[in-house]
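Everything below concerns the one structure shown next.
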Amino acid sequence: MFQDIALAGPILLPALAALLLLGVELLAGGRRSQGSFLLCALGALVALIYTGYFLANGRTGLAFNGTLNVDNTALLIALIVHFSALLAVLLSRSYLAARRDADAPEYYSLVMAAASGMAMLAAANDLVNVFLGVELMSIPLYVLAAIRRKSARSVEAGLKYLLLGAFASAFLLFGMGLLYGASGSTLLSALPAEIARLETNGGLAAFGVVMFLIGVFFKVAAVPFHMWTPDVYEGSPTPVTAFMATATKAAAFGLLLRFTPVIATGMGPEAGSSMLAVIAVLTMFVGNLGALRQQNLKRLLAYSSIAHAGYMLVGVAAIVAEDGGEIALTGSSAIVFYLGTYAAMNLGAFGVAVVLDRGEGREGVNELKGLCSERPLLAAVMAVFTLALAGVPPTAGFLGKLYVFSCAVQARMYALAVVAVLASVVGLFYYLRLILLMYFTPREEGAEPRLLRTDSFLAVASFVCAVLVLWLGVLPAWFVDFVEATVRG
Amino acid sequence: MEENLLELIILIPFASVVVQYFLHRVLPARLAGLIACGAVLVPFLLTVVVGRGIGAAAPQVPAVTATIASWLTGGGLEVAFGLRLDPLSCAWTLVVTGIGFLIHVYSLGYMHHDPGFKRFFIYMNLFIGSMLALVLGDSLPLLFLGWEGVGLCSYLLIGFWFEDMNNARAGQKAFVVNRIGDLGFLLAMLMIFQTFGTLDIAAVTNGLSAGHAQGTFALGDARITLIALLLFVGACGKSAQLPLFVWLPDAMAGPTPVSALIHAATMVTAGIYMVARFSVFFALAPVASAVVAIVGALTAFVSATIALRQRDIKKVLAYSTCSQLGYMFLGLGVGAYGAAVFHVVTHAFFKALLFLGAGSVIHALSHEQNAMKMGGLKPHLPRTHWTFFVGCFALAGIFPFAGFFSKDKILGEALLGHGWLFPLVGVLGLITALMTAFYTFRLYRLVFTGPERLDAHAKKHLHESPATMTVPLVILALLSIGGGALSLPAFAHFDILGDYLRPIFAPALAVAGEAAHHAVNVEVALMLVSLAVVIGGAWWAWNRFARGPGDQLPLPQGGLPFLLENKWFVDEIYAIFVVGPMRGTALLAGFFDRYVIDGIVNGLARLCDLCGAVVRLLQNGAVHTYALLFIAGAVYLVCSLL
C-alpha cells in the first residue's frame, strides 16, 4: 500500500498542495498575501524534485492493482507537467499583481489540482483512471479560464471551454464504453491482447478507438477539434494559457503514447496511422495558416500551439504505423523530447507576453515594435523563443522537429515528413515577423509608453527557459540520451 | 587533475571573452586589457605544467586527453568536445599562448588611444580561444570549428577599422578566399568519415597506419591521395599558398599586432599544423606530397620576388610571410616534418618580432607605412632599432640566429633528397634564401639608416615606444637569437624539439622511410653554401641601399621590375578570370532570384495568406459553429473507417 502511494507521489503531491492552499486561503479569510504564491511554488517545486528523484533512481512500477502504470514515460511527462506548473506559477505573480480581478483566492489551488490530474493522465493504465485524470485536469482549467468573473472575454473563454469540453468528454466516454465492450477489460495494457483475441467484434473496437481519439484530439487541440483553442487561449489569464498550452499537451500526449498499441490493434496499423497522418497534416496547416495574420500575440501563440500539436502527431502516426518495434521507442522519446523543449520555449514566450501585456484585448504584436532598442535583453530572449518555436538551429526547437520528423522517415512515411517540413516553412512567416517587429521596425510615434510588468520571479523563469532552449539546442546529447535511456527503461 | 587543467587552457580565453563582452560598459579599459592578457598568460603556464607530463612516455603517442562535453551523437557518429594535448599540439599551444601573450601586452601600448580598445581585446581573446580549439581539438569537427573561428576573428580584425571601406574590403577578400580552402577541408572531412567511419583524429591516423600495415591502403592509394590533396587545398587557403595567397598582403589593413599574431605567427600556420597532423596521409600519397613541395617552393619563390620591390613596410613583411610559409610546406612536402614545425616556431619568434618592430615604427611615425618616407630612424628609436636588426638577421637566416637553423634543416633535407624533384625544390629554396636576405636588409636600410625622408606629419610625434611595447620586442629578440638551440643540426646530437615530436611523425616516417643520415662534412658543406648565399644577398642589399632608396626612387624601366612592382598582376588576373565571371553569374542569378524565385515565393505567400483568411473566417466566435465542425470531424473519421 505504502509502495503504491509512494509511486503515486507525482499525482498526490500537487493534490495535497491544492488542498493545503484551499485551507490556507480559508484561514486567511480573504486577506491577500504572498503566502499562497510561495506555498504553491514550493508545492510545484517539491513535486518536480520528487518526480525527478524517482526518475533518476528508476523507481517505477505498477500501483493500485495495475490501474496506474508509473513507468519512465509517465514520470518524464509528470516532470514536464510540474515544470510547466512551477513556471506558470512564477509567471502568475506579476500578472496577478496587475490584474487584481484574476487574483481569486482559489487561483493557485486550481493550478495544483489541474497539475495533479495531468500527472494522473500520464500514468493512467485504466480507462476509469484515464477519465478521472481528464476531468481532474479539465475542471480546474475551466474555472481558471473564467476566473476573471467581471471580464466578458474570460467568462466567454471559460464557458466555451466547458461546453466543448463536455462535448468531447462524452465522445471519450462513449469510446471507453465501446472499447470495454469489445474487450471486456478496462486495463489499457490488456486492451490490445483482448481485442485481438475477441476479433469477432469486428468494427466495434475500431469505432471505440475513433471515439476515444476524438476526445484526446480535443485536448491536444488537433484540427478539426481545435476551434476552442484561440478563443480560450486569448480569454484566459496569460499564465493559465501558458500552463494549458504546455502541460495539457504533455499530459494528453502521454495518454496518446500509452494508447498507441490499442490504436494499432483496434484499427490496424495502416488505417490508424493514415487517420493520424490526415489529422496531423490538417492540424499543422490550419495552425500555421491561422497564425499568419494574427495581430494578437496570445491568439498567435494559440495557433502556433495547434501547429506544434500537429508536428507531434506526426510522431504518433509513425509509431502506430510500425506498431511496436524500434520506432515505438525512438518515436516516444522524440515526442517526449519535443514536449519538454516545447514547454520551455512556449512558457518563455508567454512570459514575455505577460511582461508586455497592456490589458484586455490589447496583447497586440505591435507591442513588440522597436523592443530591441528599448529593452535589448527582453528582445533577445523573445528572439530565442521565437526562433525555437520556428525550429531554427541552434535552438532546441530545431532538434525536436528533426527527431520527430525523422521518425516519420524511419516509418517510411516520406510524404508525411515532406508535408511536415513544408508546414513548418509556412510557420516561419509569422515567427520571423515577430523578429522583424522587434529588431527592424521602429516604434510608432506617439505610442503609449510601455507598461513592463515584471518581477524577479518572472525574470528567473524566462531566463531558465532561454537557457534550456539554447542549451538543449547546442548540447542536446545528454538530454536525448537521458530521455532515450529512460523511455527504453 | 591534468585533464581539468587541460580543460582550463581552452576555457579561460572563452570565459574572458564572455566577461569582457558582458561587462564592457563597466570595466575600465585598462582592467579589460589586463584581463585579456591574463587570459592568455594563464593558459600558457598551464600548458607548460601539463605539457611537462607528456614528455617521457610509452611507445604510444603520449598525450593528455579530456572531454568537456558530448556534442553530436547519433547515426554511428560520436563527437565530443574532446581535447588532446600531445607533443604536436603542445608545441603549437605554447607558441600561440606564449607569442600571443607578448603581443597582447604590446597591444596595451599600441592600441592605447584607439576608441575600439575593448572590442580589440575581445576579438583577440576570441582568436586565442578558437586557435586553441583548432590545435587541441581531438576530432575533425572541433578542428573545423576552431578553423572557422580563427577565420572569423581574422576577418573581424582585418576590418577592425571598418570605417575605411578599403579595410572592410580587405576583410571580405580574406573571408571569401578562405571559403575556397574551407570547401576543400570540408570535402576531405566527409571523405575521411566515409573511409574510416570516425572523425576522431587519432583514430583516423592510427586507422590509416594500421590499414597500411595490413595492406588495405597501399602506398599511393587513390583515395588517400585525394583526401590528402583536399586537405592541402584547405591548408592553402588558410596558410596563404599559391594561388590562394592573395588575401594575406591585403590583410595587413588590420592593426599591426593583429598582423603579427594572426597573419604571421599563429593562424596562418594552421595549414602547416593540419598537414603535420595528417602527415601519415601525405606519407602514403607521394603525389600529394610532391604537390605540397612544389606549391610551397613556388610560393616561397614568387612571394620573395614580389617582396623585393614593395614600399609599404608591412607589405614587405606580409610577402615575406607567404614566402616563409612556402618554406614550411616545402619541408612538409619533402618529408622533413620536424624541420617544418621547427621553422614554424622560429618563424613565430622572428616574424612576430619584425611585425611588432614595424608596428613600433608606424606608431612612432603617426601611422606612416611607406618605407620610402622613412630613413635614419636609428637614433630616434634605439630599442626598436636593435631588436628589428636582430629580427632581420633571423629572417635572413644568418648564423647563429634562429632562422638559420630551421631554414637550413628544410633546405638540407630537400637538397640531399632522392630523385630529381627534391633537389629541384631545394635549389628554388636556396634562390629564395638569397632574395630573402636581400629584401630584408633593403627594408632595414630604408627604414633605419640613410638620410631622413620623413614628412612633417610623421615627424611631429617621433618618439620611442613605451615599455609595454619594447619589452615584448626585447623578449622576442632574445628568442630570435637563441631559438635555434631548440633543434641543432643532426651532427650536434642536440635536438630537443625533434625528440619531443618524434612519436608524432614516427608513423609517417615509417611509411616513407626515414631520411638517410648524411655524413657530417656534407651537412657542414651545405650549411656553408647556404650561409654564403645568404650573406651575399645581405651584403648586396646593404651596399646598394646605403644611402636610402637612391636610384630606385624614380621608377625603373624594364619588364621584370615592372612585373614585380605590380605583384605579377595576380590581383588583376583574379579580377579578370575569377571575379569578373563570378560577377556576371551573380548578376544573372540575382535576376533569376528576383523575378522567378521571388515571384513563386510571393505567390505562395499570398496563397497561404488566402488560406489563413479562410481559417479565420471559420473562427467566428460562435460556439455552435465550433461544435458543428467538431461533429463534422467526428463524422469524417467514422466514415473513414467504413
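How things are named: the first chain in the C-alpha cells is A, the next is B, and so on; residues count from 1 in each chain; ligands count from 1 in the order shown.
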- Query: Near region 374-385 of chain A, counting only C-alpha atoms, which residues have an atom at most 7 Å away, once you skip same-chain residues fewer than 6 positions from it, shown as an NGL selection string?
  - Reply: :A and (345 or 348-349 or 352 or 435 or 438 or 466)
Please write the residues from the selection above to a file, keeping N, CA, C and O atoms, as a PDB file, in the first residue's frame.
```
ATOM      1  N   MET A 345      10.186  26.570 -24.362  1.00  0.00           N
ATOM      2  CA  MET A 345      10.130  27.741 -25.247  1.00  0.00           C
ATOM      3  C   MET A 345       8.774  28.432 -25.189  1.00  0.00           C
ATOM      4  O   MET A 345       8.672  29.659 -25.233  1.00  0.00           O
ATOM      5  N   GLY A 348       8.362  30.389 -21.998  1.00  0.00           N
ATOM      6  CA  GLY A 348       9.167  31.595 -22.113  1.00  0.00           C
ATOM      7  C   GLY A 348       8.460  32.651 -22.940  1.00  0.00           C
ATOM      8  O   GLY A 348       8.378  33.823 -22.546  1.00  0.00           O
ATOM      9  N   ALA A 349       7.900  32.237 -24.079  1.00  0.00           N
ATOM     10  CA  ALA A 349       7.229  33.201 -24.946  1.00  0.00           C
ATOM     11  C   ALA A 349       6.024  33.814 -24.239  1.00  0.00           C
ATOM     12  O   ALA A 349       5.793  35.022 -24.298  1.00  0.00           O
ATOM     13  N   VAL A 352       7.100  36.456 -21.842  1.00  0.00           N
ATOM     14  CA  VAL A 352       7.312  37.764 -22.466  1.00  0.00           C
ATOM     15  C   VAL A 352       5.967  38.426 -22.732  1.00  0.00           C
ATOM     16  O   VAL A 352       5.812  39.639 -22.557  1.00  0.00           O
ATOM     17  N   ILE A 435      10.223  38.650 -35.088  1.00  0.00           N
ATOM     18  CA  ILE A 435      11.619  39.124 -35.001  1.00  0.00           C
ATOM     19  C   ILE A 435      11.771  40.427 -35.763  1.00  0.00           C
ATOM     20  O   ILE A 435      12.425  41.371 -35.314  1.00  0.00           O
ATOM     21  N   MET A 438      10.510  43.214 -33.738  1.00  0.00           N
ATOM     22  CA  MET A 438      11.338  43.574 -32.592  1.00  0.00           C
ATOM     23  C   MET A 438      12.600  44.298 -33.025  1.00  0.00           C
ATOM     24  O   MET A 438      13.046  45.226 -32.369  1.00  0.00           O
ATOM     25  N   ALA A 466      15.105  30.326 -21.440  1.00  0.00           N
ATOM     26  CA  ALA A 466      16.008  30.677 -22.533  1.00  0.00           C
ATOM     27  C   ALA A 466      17.259  29.823 -22.477  1.00  0.00           C
ATOM     28  O   ALA A 466      17.734  29.306 -23.506  1.00  0.00           O
TER      29      ALA A 466
END
```
Each residue of chain B lying at most 8 Å from chain A should get a row with its shortest atom-to-atom pair and the distance in Å to one decimal, counting only C-alpha atoms; could you produce that, ordered by chain and increasing number, as CSV?
```
residue,atom,partner,partner_atom,distance
B:Ala69,CA,A:Leu475,CA,8.0
B:Ser70,CA,A:Ala477,CA,6.3
B:Trp71,CA,A:Leu475,CA,5.5
B:Leu72,CA,A:Ala477,CA,6.3
B:Thr73,CA,A:Ala477,CA,6.2
B:Cys608,CA,A:Leu289,CA,6.3
B:Asp609,CA,A:Leu292,CA,6.8
B:Cys611,CA,A:Leu289,CA,6.4
B:Gly612,CA,A:Leu289,CA,4.4
B:Ala613,CA,A:Gly290,CA,7.4
B:Val615,CA,A:Gly290,CA,5.6
B:Arg616,CA,A:Gly290,CA,6.1
B:Gln619,CA,A:Met227,CA,6.9
B:Gly621,CA,A:Asp231,CA,7.2
B:Val623,CA,A:Lys160,CA,6.5
B:Tyr626,CA,A:Met227,CA,5.5
B:Ala627,CA,A:Leu164,CA,6.9
B:Leu629,CA,A:Pro224,CA,6.4
B:Phe630,CA,A:Phe225,CA,5.2
B:Gly633,CA,A:Pro224,CA,5.7
B:Ala634,CA,A:Ile214,CA,6.9
B:Leu637,CA,A:Val210,CA,7.0
B:Val638,CA,A:Val210,CA,6.9
B:Ser640,CA,A:Met275,CA,7.9
B:Leu641,CA,A:Ala206,CA,7.5
```
- Task: Rank nothing, just name the residue among B:Met435, B:Gly159, B:His212, B:Lys351 nearest to Trp539 (chain B), using only C-alpha atoms.
- Result: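 Among the listed residues, B:Met435 lies closest to Trp539 (chain B).
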- Task: Choose the residue, out of A:Phe337, A:Tyr180, A:Tyr233, A:Phe212, that has the smallest atom-to-atom separation from Leu256 (chain A); count only C-alpha atoms.
- Result: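 Closest residue, counting only C-alpha atoms: A:Phe212.
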- Could you name the residues that touch Phe422 (chain B) at 7 Å or less, counting only C-alpha atoms, but leaving out those on the same chain fewer than 6 positions away, as number ranges by chain? B: 334, 414-415
- Could you give me, as a list in words, the residues within 9 Å of Val134 (chain A), counting only C-alpha atoms and dropping anything in the same chain fewer than 6 positions from it? Gly117, Met118, Met120, Leu121, Ser169, Lys219 and Ala252 of chain A
Once you have the residues from the selection above, write them out as a PDB file, in the first residue's frame, restricted to N, CA, C and O atoms.
```
ATOM      1  N   GLY A 117      -4.179  16.258 -11.914  1.00  0.00           N
ATOM      2  CA  GLY A 117      -4.916  15.497 -12.925  1.00  0.00           C
ATOM      3  C   GLY A 117      -4.047  15.149 -14.120  1.00  0.00           C
ATOM      4  O   GLY A 117      -4.127  14.047 -14.667  1.00  0.00           O
ATOM      5  N   MET A 118      -3.213  16.078 -14.527  1.00  0.00           N
ATOM      6  CA  MET A 118      -2.345  15.820 -15.673  1.00  0.00           C
ATOM      7  C   MET A 118      -1.363  14.694 -15.382  1.00  0.00           C
ATOM      8  O   MET A 118      -1.129  13.813 -16.213  1.00  0.00           O
ATOM      9  N   MET A 120      -1.780  12.357 -13.380  1.00  0.00           N
ATOM     10  CA  MET A 120      -2.572  11.121 -13.336  1.00  0.00           C
ATOM     11  C   MET A 120      -2.825  10.603 -14.749  1.00  0.00           C
ATOM     12  O   MET A 120      -2.719   9.411 -15.027  1.00  0.00           O
ATOM     13  N   LEU A 121      -3.154  11.541 -15.621  1.00  0.00           N
ATOM     14  CA  LEU A 121      -3.431  11.159 -17.004  1.00  0.00           C
ATOM     15  C   LEU A 121      -2.225  10.469 -17.625  1.00  0.00           C
ATOM     16  O   LEU A 121      -2.346   9.504 -18.378  1.00  0.00           O
ATOM     17  N   SER A 169     -15.793  15.120 -23.747  1.00  0.00           N
ATOM     18  CA  SER A 169     -15.790  14.068 -22.732  1.00  0.00           C
ATOM     19  C   SER A 169     -16.816  13.001 -23.068  1.00  0.00           C
ATOM     20  O   SER A 169     -16.598  11.811 -22.820  1.00  0.00           O
ATOM     21  N   LYS A 219      -8.355  17.501 -26.558  1.00  0.00           N
ATOM     22  CA  LYS A 219      -7.455  18.005 -25.511  1.00  0.00           C
ATOM     23  C   LYS A 219      -6.147  18.521 -26.100  1.00  0.00           C
ATOM     24  O   LYS A 219      -5.579  19.489 -25.601  1.00  0.00           O
ATOM     25  N   ALA A 252      -1.820  15.005 -22.369  1.00  0.00           N
ATOM     26  CA  ALA A 252      -2.635  14.333 -23.380  1.00  0.00           C
ATOM     27  C   ALA A 252      -1.754  13.493 -24.317  1.00  0.00           C
ATOM     28  O   ALA A 252      -2.139  12.394 -24.721  1.00  0.00           O
TER      29      ALA A 252
END
```
- Message: I want to know what sits within 12 Å of Leu16 (chain A), based on only C-alpha atoms, with residues of the same chain fewer than 5 positions away left out; could you give that as an MDAnalysis selection string?
- Response: chainID A and resid 8:11 21:23 39:40 42:44 46:47 109:110 112:116
Output of the above residues as an mmCIF file, in the first residue's frame, restricted to N, CA, C and O atoms:
```
data_model
loop_
_atom_site.group_PDB
_atom_site.id
_atom_site.type_symbol
_atom_site.label_atom_id
_atom_site.label_comp_id
_atom_site.auth_asym_id
_atom_site.auth_seq_id
_atom_site.Cartn_x
_atom_site.Cartn_y
_atom_site.Cartn_z
ATOM 1 N N ALA A 8 2.570 6.925 -6.492
ATOM 2 C CA ALA A 8 1.607 7.920 -6.957
ATOM 3 C C ALA A 8 1.973 9.321 -6.493
ATOM 4 O O ALA A 8 1.220 10.259 -6.704
ATOM 5 N N GLY A 9 3.145 9.488 -5.904
ATOM 6 C CA GLY A 9 3.583 10.779 -5.394
ATOM 7 C C GLY A 9 3.444 11.929 -6.375
ATOM 8 O O GLY A 9 2.929 12.990 -6.033
ATOM 9 N N PRO A 10 3.897 11.758 -7.613
ATOM 10 C CA PRO A 10 3.768 12.862 -8.570
ATOM 11 C C PRO A 10 2.327 13.315 -8.755
ATOM 12 O O PRO A 10 2.075 14.440 -9.163
ATOM 13 N N ILE A 11 1.382 12.430 -8.482
ATOM 14 C CA ILE A 11 -0.024 12.810 -8.602
ATOM 15 C C ILE A 11 -0.528 13.378 -7.283
ATOM 16 O O ILE A 11 -1.255 14.371 -7.248
ATOM 17 N N LEU A 21 -3.533 24.672 0.024
ATOM 18 C CA LEU A 21 -3.731 26.045 -0.417
ATOM 19 C C LEU A 21 -5.151 26.502 -0.118
ATOM 20 O O LEU A 21 -5.383 27.630 0.326
ATOM 21 N N LEU A 22 -6.116 25.599 -0.361
ATOM 22 C CA LEU A 22 -7.508 25.951 -0.058
ATOM 23 C C LEU A 22 -7.663 26.266 1.415
ATOM 24 O O LEU A 22 -8.277 27.271 1.788
ATOM 25 N N GLY A 23 -7.041 25.416 2.243
ATOM 26 C CA GLY A 23 -7.143 25.619 3.678
ATOM 27 C C GLY A 23 -6.527 26.938 4.095
ATOM 28 O O GLY A 23 -7.106 27.712 4.868
ATOM 29 N N LEU A 39 3.693 29.189 -1.260
ATOM 30 C CA LEU A 39 3.323 27.813 -0.939
ATOM 31 C C LEU A 39 3.100 27.016 -2.214
ATOM 32 O O LEU A 39 3.549 25.871 -2.351
ATOM 33 N N CYS A 40 2.435 27.642 -3.176
ATOM 34 C CA CYS A 40 2.142 26.950 -4.425
ATOM 35 C C CYS A 40 3.424 26.656 -5.186
ATOM 36 O O CYS A 40 3.636 25.553 -5.692
ATOM 37 N N LEU A 42 6.309 26.353 -3.963
ATOM 38 C CA LEU A 42 7.017 25.313 -3.216
ATOM 39 C C LEU A 42 6.428 23.947 -3.531
ATOM 40 O O LEU A 42 7.161 22.976 -3.759
ATOM 41 N N GLY A 43 5.074 23.882 -3.542
ATOM 42 C CA GLY A 43 4.429 22.605 -3.845
ATOM 43 C C GLY A 43 4.847 22.080 -5.202
ATOM 44 O O GLY A 43 5.203 20.907 -5.357
ATOM 45 N N ALA A 44 4.848 22.970 -6.199
ATOM 46 C CA ALA A 44 5.224 22.533 -7.537
ATOM 47 C C ALA A 44 6.682 22.092 -7.565
ATOM 48 O O ALA A 44 7.050 21.101 -8.206
ATOM 49 N N VAL A 46 8.470 20.908 -5.065
ATOM 50 C CA VAL A 46 8.620 19.621 -4.373
ATOM 51 C C VAL A 46 8.177 18.486 -5.304
ATOM 52 O O VAL A 46 8.864 17.468 -5.434
ATOM 53 N N ALA A 47 7.041 18.692 -5.973
ATOM 54 C CA ALA A 47 6.565 17.656 -6.887
ATOM 55 C C ALA A 47 7.581 17.415 -7.987
ATOM 56 O O ALA A 47 7.852 16.269 -8.387
ATOM 57 N N SER A 109 -4.660 27.160 -5.949
ATOM 58 C CA SER A 109 -5.145 25.825 -5.628
ATOM 59 C C SER A 109 -5.603 25.093 -6.889
ATOM 60 O O SER A 109 -5.320 23.906 -7.081
ATOM 61 N N LEU A 110 -6.263 25.838 -7.776
ATOM 62 C CA LEU A 110 -6.768 25.208 -9.002
ATOM 63 C C LEU A 110 -5.620 24.769 -9.917
ATOM 64 O O LEU A 110 -5.678 23.715 -10.549
ATOM 65 N N MET A 112 -2.714 23.722 -9.011
ATOM 66 C CA MET A 112 -2.154 22.485 -8.480
ATOM 67 C C MET A 112 -3.086 21.302 -8.739
ATOM 68 O O MET A 112 -2.649 20.197 -9.055
ATOM 69 N N ALA A 113 -4.379 21.542 -8.603
ATOM 70 C CA ALA A 113 -5.330 20.454 -8.843
ATOM 71 C C ALA A 113 -5.227 19.980 -10.284
ATOM 72 O O ALA A 113 -5.203 18.771 -10.571
ATOM 73 N N ALA A 114 -5.122 20.926 -11.216
ATOM 74 C CA ALA A 114 -5.010 20.546 -12.612
ATOM 75 C C ALA A 114 -3.728 19.765 -12.850
ATOM 76 O O ALA A 114 -3.706 18.765 -13.579
ATOM 77 N N ALA A 115 -2.636 20.220 -12.212
ATOM 78 C CA ALA A 115 -1.359 19.519 -12.390
ATOM 79 C C ALA A 115 -1.476 18.084 -11.905
ATOM 80 O O ALA A 115 -0.937 17.156 -12.524
ATOM 81 N N SER A 116 -2.203 17.896 -10.795
ATOM 82 C CA SER A 116 -2.404 16.545 -10.282
ATOM 83 C C SER A 116 -3.131 15.685 -11.320
ATOM 84 O O SER A 116 -2.746 14.542 -11.594
#
```
- Task: Might you pull out every residue within 10 Å of Val520 (chain B), with only C-alpha atoms counted and same-chain residues fewer than 5 positions away left off, and present them as a PyMOL selection string?
- Result: chain B and resi 489-492+525-526
I need the residues from that last selection saved to file as a tab-separated table (two decimals), in the first residue's frame (with N, CA, C and O atoms), if you can.
```tsv
chain	number	residue	atom	x	y	z
B	489	PRO	N	71.63	21.06	-35.66
B	489	PRO	CA	71.82	20.10	-36.76
B	489	PRO	C	72.13	18.71	-36.23
B	489	PRO	O	72.59	18.54	-35.10
B	490	ALA	N	71.88	17.72	-37.08
B	490	ALA	CA	71.93	16.32	-36.65
B	490	ALA	C	73.25	15.96	-35.99
B	490	ALA	O	73.29	15.26	-34.98
B	491	PHE	N	74.37	16.48	-36.53
B	491	PHE	CA	75.68	16.03	-36.02
B	491	PHE	C	75.96	16.55	-34.62
B	491	PHE	O	76.87	16.09	-33.95
B	492	ALA	N	75.16	17.54	-34.18
B	492	ALA	CA	75.39	18.06	-32.84
B	492	ALA	C	74.74	17.19	-31.78
B	492	ALA	O	75.02	17.33	-30.60
B	525	ALA	N	79.17	21.32	-45.33
B	525	ALA	CA	79.39	21.97	-46.61
B	525	ALA	C	78.12	22.67	-47.08
B	525	ALA	O	78.14	23.82	-47.52
B	526	LEU	N	77.02	21.98	-46.92
B	526	LEU	CA	75.74	22.54	-47.33
B	526	LEU	C	75.43	23.82	-46.55
B	526	LEU	O	74.98	24.83	-47.10
```
- Å distance separating CA of Ala388 (chain A) from CA of Val469 (chain A), one decimal place: 7.1 Å
- Quick one: everything within 8 Å of region 283-300 of chain B, counting only C-alpha atoms, minus sequence neighbours fewer than 6 positions away in the same chain. Send it as a count of residues only. 36
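Ranking A:Leu468, A:Gly324, A:Leu368, A:Tyr311 by their shortest atom-to-atom distance to Tyr403 (chain A), with only C-alpha atoms included, puts A:Tyr311 first.
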- Message: Residues of region 420-635 of chain B classed as alpha helix (DSSP H) by DSSP on the backbone are to be reported as a PyMOL selection string.
- Response: chain B and resi 421-448+456-460+467-482+496-512+520-544+559-565+570-574+580-592+598-618+623-635
- What is the distance, in Å and to one decimal place, between CA of Thr449 (chain B) and CA of Leu377 (chain B)?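 Distance between the two atoms: 6.4 Å.
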- Query: In Å to one decimal, how far is CA of Phe278 (chain B) from CA of Ala213 (chain B)?
  - Reply: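 Computed distance, CA of Ala213 (chain B) to CA of Phe278 (chain B), equals 16.9 Å.
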- Item | Counting only C-alpha atoms, the option among B:Val275, B:Ile9, B:Met372, B:Leu248 closest to Thr93 (chain B) |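 Comparing B:Val275, B:Ile9, B:Met372, B:Leu248 against Thr93 (chain B), the winner is B:Ile9.
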- Query: Which residue out of A:Leu329, A:Leu68, A:Leu96, A:Val467 has the minimum interatomic distance to Leu132 (chain A) when only C-alpha atoms are used?
  - Reply: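 For Leu132 (chain A), the nearest of the given residues is A:Leu68.
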- Which of these residues is nearest to Pro503 (chain B), using only C-alpha atoms: B:Tyr337, B:Trp147, B:Phe117, B:Phe81? B:Tyr337
